[in-house]
Structure formats: C-alpha cells, structure tokens
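Data first, discussion second: the structure below is written as structure tokens.
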Amino acid sequence: MRHWPQTQPWQRDQPKRTFAAGAPRPIDPQNYELPDTMTWDDYKAIPGTSWNDPNRAGSVRNFRGALVLVDYPDQEFVVTQDKNSTIFGNPVQVGNVPRTQVAQFYEDFLNKPGELNRGHTIHEYWMEDSGGRFGVDLDAFGAYRMPAKDHEYGVETRMNGTAGCPTGDTCNRDIRTDARAAWVADVGE
C-alpha cells in the first residue's frame with residue numbers, strides 16, 4: 001500500500017517548511033517514495049546499461065568477495081526448509097535446498113541473473129551505484145554450523161545485562177570469530 005510519506009505523530013507539531021518571498025525554490029521537487037513501499041514495477045533500469053552481466057567489469061575495479069554462510073544448531077538455513085514453512089512465510093519461491101548446496105545456491109543467486117532474483121545481481125547493484133566504476137563477484141563458502149545457538153550471537157550484556165540470556169547459555173559470542181574459524185578450518189588460511 002502506498003501510504004508514504006506519512007506524517008508521524010511527533011511531526012504533527014513541527015512547523016511547515018516555508019520559503020521567504022522571492023527566495024529561490026529547490027531545484028529538486030523532492031518528490032520521493034520510500035523503498036519499503038516500492039515494488040518491482042517501480043524499478044527503471046538505466047538506459048543503455050547491462051550491468052547485471054557478470055562478464056562486464058567495473059571501469060575502475062572489480063572486487064572479489066567471500067560470502068561465508070553459517071547456521072546454528074537450533075536454526076538451520078531457511079532455504080533448506082519447506083517453502084513458506086516459517087512463521088514469517090519463508091522461504092519464498094524456493095525451499096528444500098540441500099544443506100550441501102546452500103553456498104552454491106547463494107553464490108548463483110547473488111552473481112547470476114535469474115528468475116528468482118528477477119535478473120538482478122550484486123554486481124549490477126555495485127555497478128549501478130558507482131556509475132559503472134566498481135563491480136563485485138562473490139565466492140560462497142559453507143554452510144558452516146556454528147558451535148552455539150543463534151541467540152548466543154546476538155544478546156550481549158551491554159545491550160540488556162544478563163537478563164536476556166537463558167540460563168546455561170553464553171550470550172556474548174563473536175559470530176565473526178566462530179564463522180572465520182569454521183571457514184579457515186575448511187579452506188585453510
């Protein structure tokens with residue numbers, strides 16, 4: 001539903017923006033739409049570009065990235081589950097991807113134009129955002145099972161003391177440390 005921009009309660013008492021008589025007006029009419037209300041129909045490709053082509057390099061540089069995929073003993077990758085099986089209705093349009101193929105699934109999803117990503121890639125995003133100067137190509141690794149439950153990586157004592165951590169759990173784990181350890185154990189330094 002297109003209901004934005006919407007005046008929020010805390011904005012109601014704010015004075016309206018006015019311009020002094022004879023003052024210049026903004027060149028940009030400042031008509032915008034928030035991305036959360038946009039649909040795929042709103043996307044307009046930049047004319048004359050083919051930036052989703054993975055063979056087209058950025059004019060300045062192409063970055064290589066490592067996508068290190070992890071899941072948890074209490075929460076497996078959503079795409080390995082049945083379609084629409086979570087409380088949020090995920091995964092959508094895909095499901096039952098074997099755990100051994102999760103890395104390849106995401107590498108293809110992010111790097112190759114296809115039906116599921118509507119022909120859009122992370123390379124295209126970088127190219128479009130940089131005016132064709134920078135591209136990106138990802139290699140995916142994993143999926144690695146983390147040694148702790150999912151919430152043990154997100155609940156930190158500085159956020160809410162120890163009250164938010166279930167008894168017996170350690171809720172200040174570093175996801176980067178554990179994910180990197182799994183990745184290095186698999187592929188080496």
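All residue names refer to the structure tokens as shown: chains lettered A, B, ... in order, residues numbered from 1 in each chain, ligands numbered from 1 in order.
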Checklist entry - Any idea what's packed within 12 Å of Asn84 in chain A, counting only C-alpha atoms, ignoring anything in its chain fewer than 4 positions away? Could you give it as a ChimeraX atom specification? => result /A:78-80,88-96
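The list of residues with at least one atom within 10 Å of Arg180 in chain A, based on only C-alpha atoms and without residues fewer than 5 positions apart in the same chain, reads Val68, Val70, Tyr144, Ile175, Ala185, Asp186 and Glu189 of chain A.
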Write the residues of the selection above to a file with all heavy atoms, as a compact mmCIF listing (two decimals), in the first residue's frame.
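Final output, again19.txt:
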# COMPACT_ATOMS: atom_id res chain seq x y z
N VAL A 68 30.65 -16.06 3.48
CA VAL A 68 30.81 -17.17 4.41
C VAL A 68 29.46 -17.40 5.09
O VAL A 68 29.00 -16.57 5.86
CB VAL A 68 31.92 -16.89 5.45
CG1 VAL A 68 32.05 -18.05 6.42
CG2 VAL A 68 33.24 -16.61 4.74
N VAL A 70 26.75 -19.31 7.46
CA VAL A 70 26.68 -20.09 8.70
C VAL A 70 25.23 -20.25 9.12
O VAL A 70 24.37 -19.44 8.80
CB VAL A 70 27.48 -19.41 9.85
CG1 VAL A 70 28.95 -19.29 9.48
CG2 VAL A 70 26.91 -18.07 10.23
N TYR A 144 28.43 -23.50 7.24
CA TYR A 144 29.11 -23.99 8.42
C TYR A 144 28.17 -23.90 9.61
O TYR A 144 27.47 -22.91 9.79
CB TYR A 144 30.36 -23.15 8.70
CG TYR A 144 31.32 -23.12 7.54
CD1 TYR A 144 31.60 -21.93 6.88
CD2 TYR A 144 31.93 -24.28 7.08
CE1 TYR A 144 32.47 -21.89 5.80
CE2 TYR A 144 32.81 -24.25 6.00
CZ TYR A 144 33.07 -23.06 5.38
OH TYR A 144 33.93 -23.03 4.31
N ILE A 175 30.30 -13.77 16.42
CA ILE A 175 29.97 -14.52 15.22
C ILE A 175 31.12 -14.51 14.21
O ILE A 175 31.37 -15.50 13.53
CB ILE A 175 28.66 -14.01 14.58
CG1 ILE A 175 28.17 -14.99 13.51
CG2 ILE A 175 28.84 -12.61 14.02
CD1 ILE A 175 26.77 -14.72 13.03
N ALA A 185 39.15 -23.54 8.93
CA ALA A 185 39.28 -24.99 9.11
C ALA A 185 38.94 -25.74 7.82
O ALA A 185 39.52 -26.78 7.52
CB ALA A 185 38.40 -25.48 10.25
N ASP A 186 38.04 -25.18 7.02
CA ASP A 186 37.62 -25.81 5.77
C ASP A 186 38.57 -25.52 4.62
O ASP A 186 38.98 -26.43 3.91
CB ASP A 186 36.21 -25.33 5.41
CG ASP A 186 35.68 -25.96 4.14
OD1 ASP A 186 36.00 -27.12 3.85
OD2 ASP A 186 34.92 -25.27 3.41
N GLU A 189 44.21 -21.11 5.72
CA GLU A 189 44.50 -19.68 5.97
C GLU A 189 44.46 -18.88 4.68
O GLU A 189 44.97 -19.23 3.69
CB GLU A 189 45.89 -19.56 6.55
CG GLU A 189 46.09 -19.00 7.94
CD GLU A 189 45.05 -18.20 8.65
OE1 GLU A 189 44.73 -17.08 8.23
OE2 GLU A 189 44.57 -18.67 9.66
Next on the checklist: as an MDAnalysis selection string, please: every residue in chain A that a backbone DSSP assignment puts in helix (DSSP H, G or I).
Outcome noted: chainID A and resid 9:11 35:37 40:42 78:80 99:111 122:129 150:153 157:160 175:187
Next on the checklist: Neighbouring residues of range 110-125 of chain A were defined as those with any atom within 7 Å, considering only C-alpha atoms; residues of the same chain fewer than 4 positions away were excluded. Please report them as a VMD selection string.
Outcome noted: chain A and resid 51 to 52 54 106 129 135 to 138
Export, as a PDB file, in the first residue's frame, the selected residues with all heavy atoms.
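So out34.pdb came out as:
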ATOM      1  N   TRP A  51      24.477  -3.872 -16.692  1.00  0.00           N
ATOM      2  CA  TRP A  51      25.346  -4.056 -15.547  1.00  0.00           C
ATOM      3  C   TRP A  51      25.103  -5.354 -14.787  1.00  0.00           C
ATOM      4  O   TRP A  51      25.894  -5.727 -13.933  1.00  0.00           O
ATOM      5  CB  TRP A  51      25.257  -2.851 -14.627  1.00  0.00           C
ATOM      6  CG  TRP A  51      25.936  -1.645 -15.217  1.00  0.00           C
ATOM      7  CD1 TRP A  51      26.937  -1.650 -16.155  1.00  0.00           C
ATOM      8  CD2 TRP A  51      25.686  -0.289 -14.926  1.00  0.00           C
ATOM      9  NE1 TRP A  51      27.324  -0.362 -16.451  1.00  0.00           N
ATOM     10  CE2 TRP A  51      26.563   0.500 -15.704  1.00  0.00           C
ATOM     11  CE3 TRP A  51      24.799   0.364 -14.074  1.00  0.00           C
ATOM     12  CZ2 TRP A  51      26.586   1.879 -15.656  1.00  0.00           C
ATOM     13  CZ3 TRP A  51      24.830   1.740 -14.026  1.00  0.00           C
ATOM     14  CH2 TRP A  51      25.710   2.489 -14.808  1.00  0.00           C
ATOM     15  N   ASN A  52      24.027  -6.050 -15.084  1.00  0.00           N
ATOM     16  CA  ASN A  52      23.840  -7.351 -14.439  1.00  0.00           C
ATOM     17  C   ASN A  52      24.632  -8.446 -15.157  1.00  0.00           C
ATOM     18  O   ASN A  52      24.663  -9.581 -14.701  1.00  0.00           O
ATOM     19  CB  ASN A  52      22.364  -7.716 -14.364  1.00  0.00           C
ATOM     20  CG  ASN A  52      21.737  -7.961 -15.724  1.00  0.00           C
ATOM     21  OD1 ASN A  52      22.298  -7.601 -16.753  1.00  0.00           O
ATOM     22  ND2 ASN A  52      20.562  -8.554 -15.729  1.00  0.00           N
ATOM     23  N   PRO A  54      27.548 -10.549 -15.603  1.00  0.00           N
ATOM     24  CA  PRO A  54      28.701 -10.826 -14.751  1.00  0.00           C
ATOM     25  C   PRO A  54      30.038 -10.733 -15.484  1.00  0.00           C
ATOM     26  O   PRO A  54      31.082 -10.621 -14.843  1.00  0.00           O
ATOM     27  CB  PRO A  54      28.447 -12.251 -14.250  1.00  0.00           C
ATOM     28  CG  PRO A  54      27.405 -12.829 -15.119  1.00  0.00           C
ATOM     29  CD  PRO A  54      26.670 -11.699 -15.770  1.00  0.00           C
ATOM     30  N   TYR A 106      23.354 -19.566  -2.939  1.00  0.00           N
ATOM     31  CA  TYR A 106      23.515 -18.130  -2.707  1.00  0.00           C
ATOM     32  C   TYR A 106      24.531 -17.496  -3.649  1.00  0.00           C
ATOM     33  O   TYR A 106      24.366 -16.341  -4.060  1.00  0.00           O
ATOM     34  CB  TYR A 106      23.869 -17.845  -1.244  1.00  0.00           C
ATOM     35  CG  TYR A 106      22.647 -17.879  -0.371  1.00  0.00           C
ATOM     36  CD1 TYR A 106      22.387 -18.959   0.451  1.00  0.00           C
ATOM     37  CD2 TYR A 106      21.731 -16.837  -0.396  1.00  0.00           C
ATOM     38  CE1 TYR A 106      21.248 -18.995   1.234  1.00  0.00           C
ATOM     39  CE2 TYR A 106      20.590 -16.871   0.383  1.00  0.00           C
ATOM     40  CZ  TYR A 106      20.352 -17.948   1.203  1.00  0.00           C
ATOM     41  OH  TYR A 106      19.221 -17.984   1.969  1.00  0.00           O
ATOM     42  N   ASP A 129      25.272   1.636  -8.667  1.00  0.00           N
ATOM     43  CA  ASP A 129      25.523   2.598  -7.596  1.00  0.00           C
ATOM     44  C   ASP A 129      26.792   3.423  -7.845  1.00  0.00           C
ATOM     45  O   ASP A 129      26.883   4.566  -7.403  1.00  0.00           O
ATOM     46  CB  ASP A 129      25.629   1.855  -6.267  1.00  0.00           C
ATOM     47  CG  ASP A 129      25.369   2.739  -5.074  1.00  0.00           C
ATOM     48  OD1 ASP A 129      24.412   3.530  -5.124  1.00  0.00           O
ATOM     49  OD2 ASP A 129      26.136   2.651  -4.097  1.00  0.00           O
ATOM     50  N   GLY A 135      32.601  -3.165  -9.741  1.00  0.00           N
ATOM     51  CA  GLY A 135      31.805  -4.378  -9.786  1.00  0.00           C
ATOM     52  C   GLY A 135      32.206  -5.295  -8.649  1.00  0.00           C
ATOM     53  O   GLY A 135      33.145  -5.015  -7.900  1.00  0.00           O
ATOM     54  N   VAL A 136      31.501  -6.390  -8.524  1.00  0.00           N
ATOM     55  CA  VAL A 136      31.805  -7.331  -7.450  1.00  0.00           C
ATOM     56  C   VAL A 136      31.437  -8.741  -7.899  1.00  0.00           C
ATOM     57  O   VAL A 136      30.514  -8.939  -8.680  1.00  0.00           O
ATOM     58  CB  VAL A 136      31.052  -6.959  -6.146  1.00  0.00           C
ATOM     59  CG1 VAL A 136      29.560  -7.151  -6.288  1.00  0.00           C
ATOM     60  CG2 VAL A 136      31.571  -7.722  -4.949  1.00  0.00           C
ATOM     61  N   ASP A 137      32.222  -9.687  -7.438  1.00  0.00           N
ATOM     62  CA  ASP A 137      31.960 -11.097  -7.689  1.00  0.00           C
ATOM     63  C   ASP A 137      32.198 -11.845  -6.382  1.00  0.00           C
ATOM     64  O   ASP A 137      33.225 -11.655  -5.734  1.00  0.00           O
ATOM     65  CB  ASP A 137      32.888 -11.640  -8.781  1.00  0.00           C
ATOM     66  CG  ASP A 137      32.581 -13.085  -9.119  1.00  0.00           C
ATOM     67  OD1 ASP A 137      31.388 -13.431  -9.243  1.00  0.00           O
ATOM     68  OD2 ASP A 137      33.531 -13.881  -9.239  1.00  0.00           O
ATOM     69  N   LEU A 138      31.230 -12.644  -5.988  1.00  0.00           N
ATOM     70  CA  LEU A 138      31.319 -13.355  -4.718  1.00  0.00           C
ATOM     71  C   LEU A 138      31.591 -14.834  -4.921  1.00  0.00           C
ATOM     72  O   LEU A 138      31.050 -15.454  -5.836  1.00  0.00           O
ATOM     73  CB  LEU A 138      30.003 -13.231  -3.946  1.00  0.00           C
ATOM     74  CG  LEU A 138      29.592 -11.850  -3.479  1.00  0.00           C
ATOM     75  CD1 LEU A 138      28.215 -11.906  -2.833  1.00  0.00           C
ATOM     76  CD2 LEU A 138      30.605 -11.284  -2.513  1.00  0.00           C
TER      77      LEU A 138
END
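Distances from A:Ala57, A:Cys165, A:Met38, A:Ala103 to Trp126 in chain A were compared using only C-alpha atoms, and the smallest one belongs to A:Ala57.
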Next on the checklist: as an MDAnalysis selection string, please: every residue in chain A that DSSP puts in strand (DSSP E or B).
Outcome noted: chainID A and resid 61:72 75 134:145
Prev. selection, N, CA, C and O atoms, output as an mmCIF file, in the first residue's frame:
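The new file out.cif reads:
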data_model
loop_
_atom_site.group_PDB
_atom_site.id
_atom_site.type_symbol
_atom_site.label_atom_id
_atom_site.label_comp_id
_atom_site.auth_asym_id
_atom_site.auth_seq_id
_atom_site.Cartn_x
_atom_site.Cartn_y
_atom_site.Cartn_z
ATOM 1 N N ARG A 61 37.508 -1.001 -10.991
ATOM 2 C CA ARG A 61 37.920 -2.214 -10.289
ATOM 3 C C ARG A 61 36.736 -3.150 -10.084
ATOM 4 O O ARG A 61 35.606 -2.708 -9.938
ATOM 5 N N ASN A 62 37.031 -4.438 -10.063
ATOM 6 C CA ASN A 62 36.072 -5.442 -9.637
ATOM 7 C C ASN A 62 36.564 -6.029 -8.325
ATOM 8 O O ASN A 62 37.711 -6.470 -8.233
ATOM 9 N N PHE A 63 35.709 -6.015 -7.329
ATOM 10 C CA PHE A 63 36.055 -6.587 -6.034
ATOM 11 C C PHE A 63 35.682 -8.057 -6.011
ATOM 12 O O PHE A 63 34.677 -8.458 -6.588
ATOM 13 N N ARG A 64 36.511 -8.851 -5.353
ATOM 14 C CA ARG A 64 36.178 -10.261 -5.107
ATOM 15 C C ARG A 64 35.799 -10.366 -3.647
ATOM 16 O O ARG A 64 36.486 -9.843 -2.778
ATOM 17 N N GLY A 65 34.705 -11.025 -3.393
ATOM 18 C CA GLY A 65 34.222 -11.154 -2.030
ATOM 19 C C GLY A 65 34.030 -12.600 -1.644
ATOM 20 O O GLY A 65 33.783 -13.459 -2.492
ATOM 21 N N ALA A 66 34.162 -12.846 -0.360
ATOM 22 C CA ALA A 66 33.894 -14.173 0.198
ATOM 23 C C ALA A 66 32.604 -14.094 0.995
ATOM 24 O O ALA A 66 32.485 -13.289 1.925
ATOM 25 N N LEU A 67 31.644 -14.886 0.616
ATOM 26 C CA LEU A 67 30.382 -14.984 1.334
ATOM 27 C C LEU A 67 30.472 -16.237 2.194
ATOM 28 O O LEU A 67 30.431 -17.351 1.676
ATOM 29 N N VAL A 68 30.653 -16.057 3.483
ATOM 30 C CA VAL A 68 30.812 -17.170 4.413
ATOM 31 C C VAL A 68 29.463 -17.396 5.087
ATOM 32 O O VAL A 68 28.998 -16.570 5.865
ATOM 33 N N LEU A 69 28.843 -18.517 4.770
ATOM 34 C CA LEU A 69 27.483 -18.806 5.225
ATOM 35 C C LEU A 69 27.507 -19.712 6.453
ATOM 36 O O LEU A 69 28.193 -20.740 6.460
ATOM 37 N N VAL A 70 26.750 -19.309 7.461
ATOM 38 C CA VAL A 70 26.683 -20.086 8.702
ATOM 39 C C VAL A 70 25.233 -20.252 9.124
ATOM 40 O O VAL A 70 24.373 -19.435 8.801
ATOM 41 N N ASP A 71 24.986 -21.338 9.833
ATOM 42 C CA ASP A 71 23.708 -21.500 10.513
ATOM 43 C C ASP A 71 23.986 -22.037 11.911
ATOM 44 O O ASP A 71 25.145 -22.087 12.335
ATOM 45 N N TYR A 72 22.974 -22.422 12.605
ATOM 46 C CA TYR A 72 23.105 -22.731 14.026
ATOM 47 C C TYR A 72 22.481 -24.082 14.341
ATOM 48 O O TYR A 72 21.587 -24.541 13.633
ATOM 49 N N GLN A 75 18.859 -23.456 14.527
ATOM 50 C CA GLN A 75 18.222 -22.734 13.426
ATOM 51 C C GLN A 75 18.986 -22.985 12.132
ATOM 52 O O GLN A 75 19.970 -22.325 11.838
ATOM 53 N N PHE A 134 32.654 0.298 -10.288
ATOM 54 C CA PHE A 134 33.025 -0.823 -9.418
ATOM 55 C C PHE A 134 32.043 -1.973 -9.562
ATOM 56 O O PHE A 134 30.838 -1.784 -9.503
ATOM 57 N N GLY A 135 32.601 -3.165 -9.741
ATOM 58 C CA GLY A 135 31.805 -4.378 -9.786
ATOM 59 C C GLY A 135 32.206 -5.295 -8.649
ATOM 60 O O GLY A 135 33.145 -5.015 -7.900
ATOM 61 N N VAL A 136 31.501 -6.390 -8.524
ATOM 62 C CA VAL A 136 31.805 -7.331 -7.450
ATOM 63 C C VAL A 136 31.437 -8.741 -7.899
ATOM 64 O O VAL A 136 30.514 -8.939 -8.680
ATOM 65 N N ASP A 137 32.222 -9.687 -7.438
ATOM 66 C CA ASP A 137 31.960 -11.097 -7.689
ATOM 67 C C ASP A 137 32.198 -11.845 -6.382
ATOM 68 O O ASP A 137 33.225 -11.655 -5.734
ATOM 69 N N LEU A 138 31.230 -12.644 -5.988
ATOM 70 C CA LEU A 138 31.319 -13.355 -4.718
ATOM 71 C C LEU A 138 31.591 -14.834 -4.921
ATOM 72 O O LEU A 138 31.050 -15.454 -5.836
ATOM 73 N N ASP A 139 32.416 -15.385 -4.061
ATOM 74 C CA ASP A 139 32.570 -16.829 -3.924
ATOM 75 C C ASP A 139 31.947 -17.191 -2.587
ATOM 76 O O ASP A 139 32.205 -16.536 -1.573
ATOM 77 N N ALA A 140 31.114 -18.224 -2.561
ATOM 78 C CA ALA A 140 30.421 -18.604 -1.336
ATOM 79 C C ALA A 140 31.071 -19.831 -0.711
ATOM 80 O O ALA A 140 31.537 -20.731 -1.419
ATOM 81 N N PHE A 141 31.078 -19.863 0.599
ATOM 82 C CA PHE A 141 31.670 -20.960 1.367
ATOM 83 C C PHE A 141 30.694 -21.368 2.469
ATOM 84 O O PHE A 141 30.027 -20.542 3.064
ATOM 85 N N GLY A 142 30.667 -22.655 2.749
ATOM 86 C CA GLY A 142 29.812 -23.153 3.820
ATOM 87 C C GLY A 142 28.766 -24.093 3.243
ATOM 88 O O GLY A 142 28.925 -24.615 2.150
ATOM 89 N N ALA A 143 27.726 -24.283 3.886
ATOM 90 C CA ALA A 143 27.303 -23.648 5.130
ATOM 91 C C ALA A 143 27.986 -24.335 6.316
ATOM 92 O O ALA A 143 28.089 -25.556 6.353
ATOM 93 N N TYR A 144 28.434 -23.498 7.238
ATOM 94 C CA TYR A 144 29.114 -23.986 8.424
ATOM 95 C C TYR A 144 28.166 -23.903 9.615
ATOM 96 O O TYR A 144 27.469 -22.912 9.794
ATOM 97 N N ARG A 145 28.166 -24.943 10.411
ATOM 98 C CA ARG A 145 27.340 -24.977 11.610
ATOM 99 C C ARG A 145 28.112 -24.315 12.743
ATOM 100 O O ARG A 145 29.216 -24.706 13.079
#
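Ranking A:Gly22, A:Pro166, A:Pro98, A:Pro35 by their shortest atom-to-atom distance to His151 in chain A, with only C-alpha atoms included, puts A:Pro166 first.
Interatomic distance, CA of Ser85 in chain A to CA of Glu152 in chain A: 23.6 Å.
Considering the residues A:Ile27, A:Val184, A:Ile46, A:Met127 and counting only C-alpha atoms, Gly58 in chain A has its shortest atom-to-atom contact with A:Met127.
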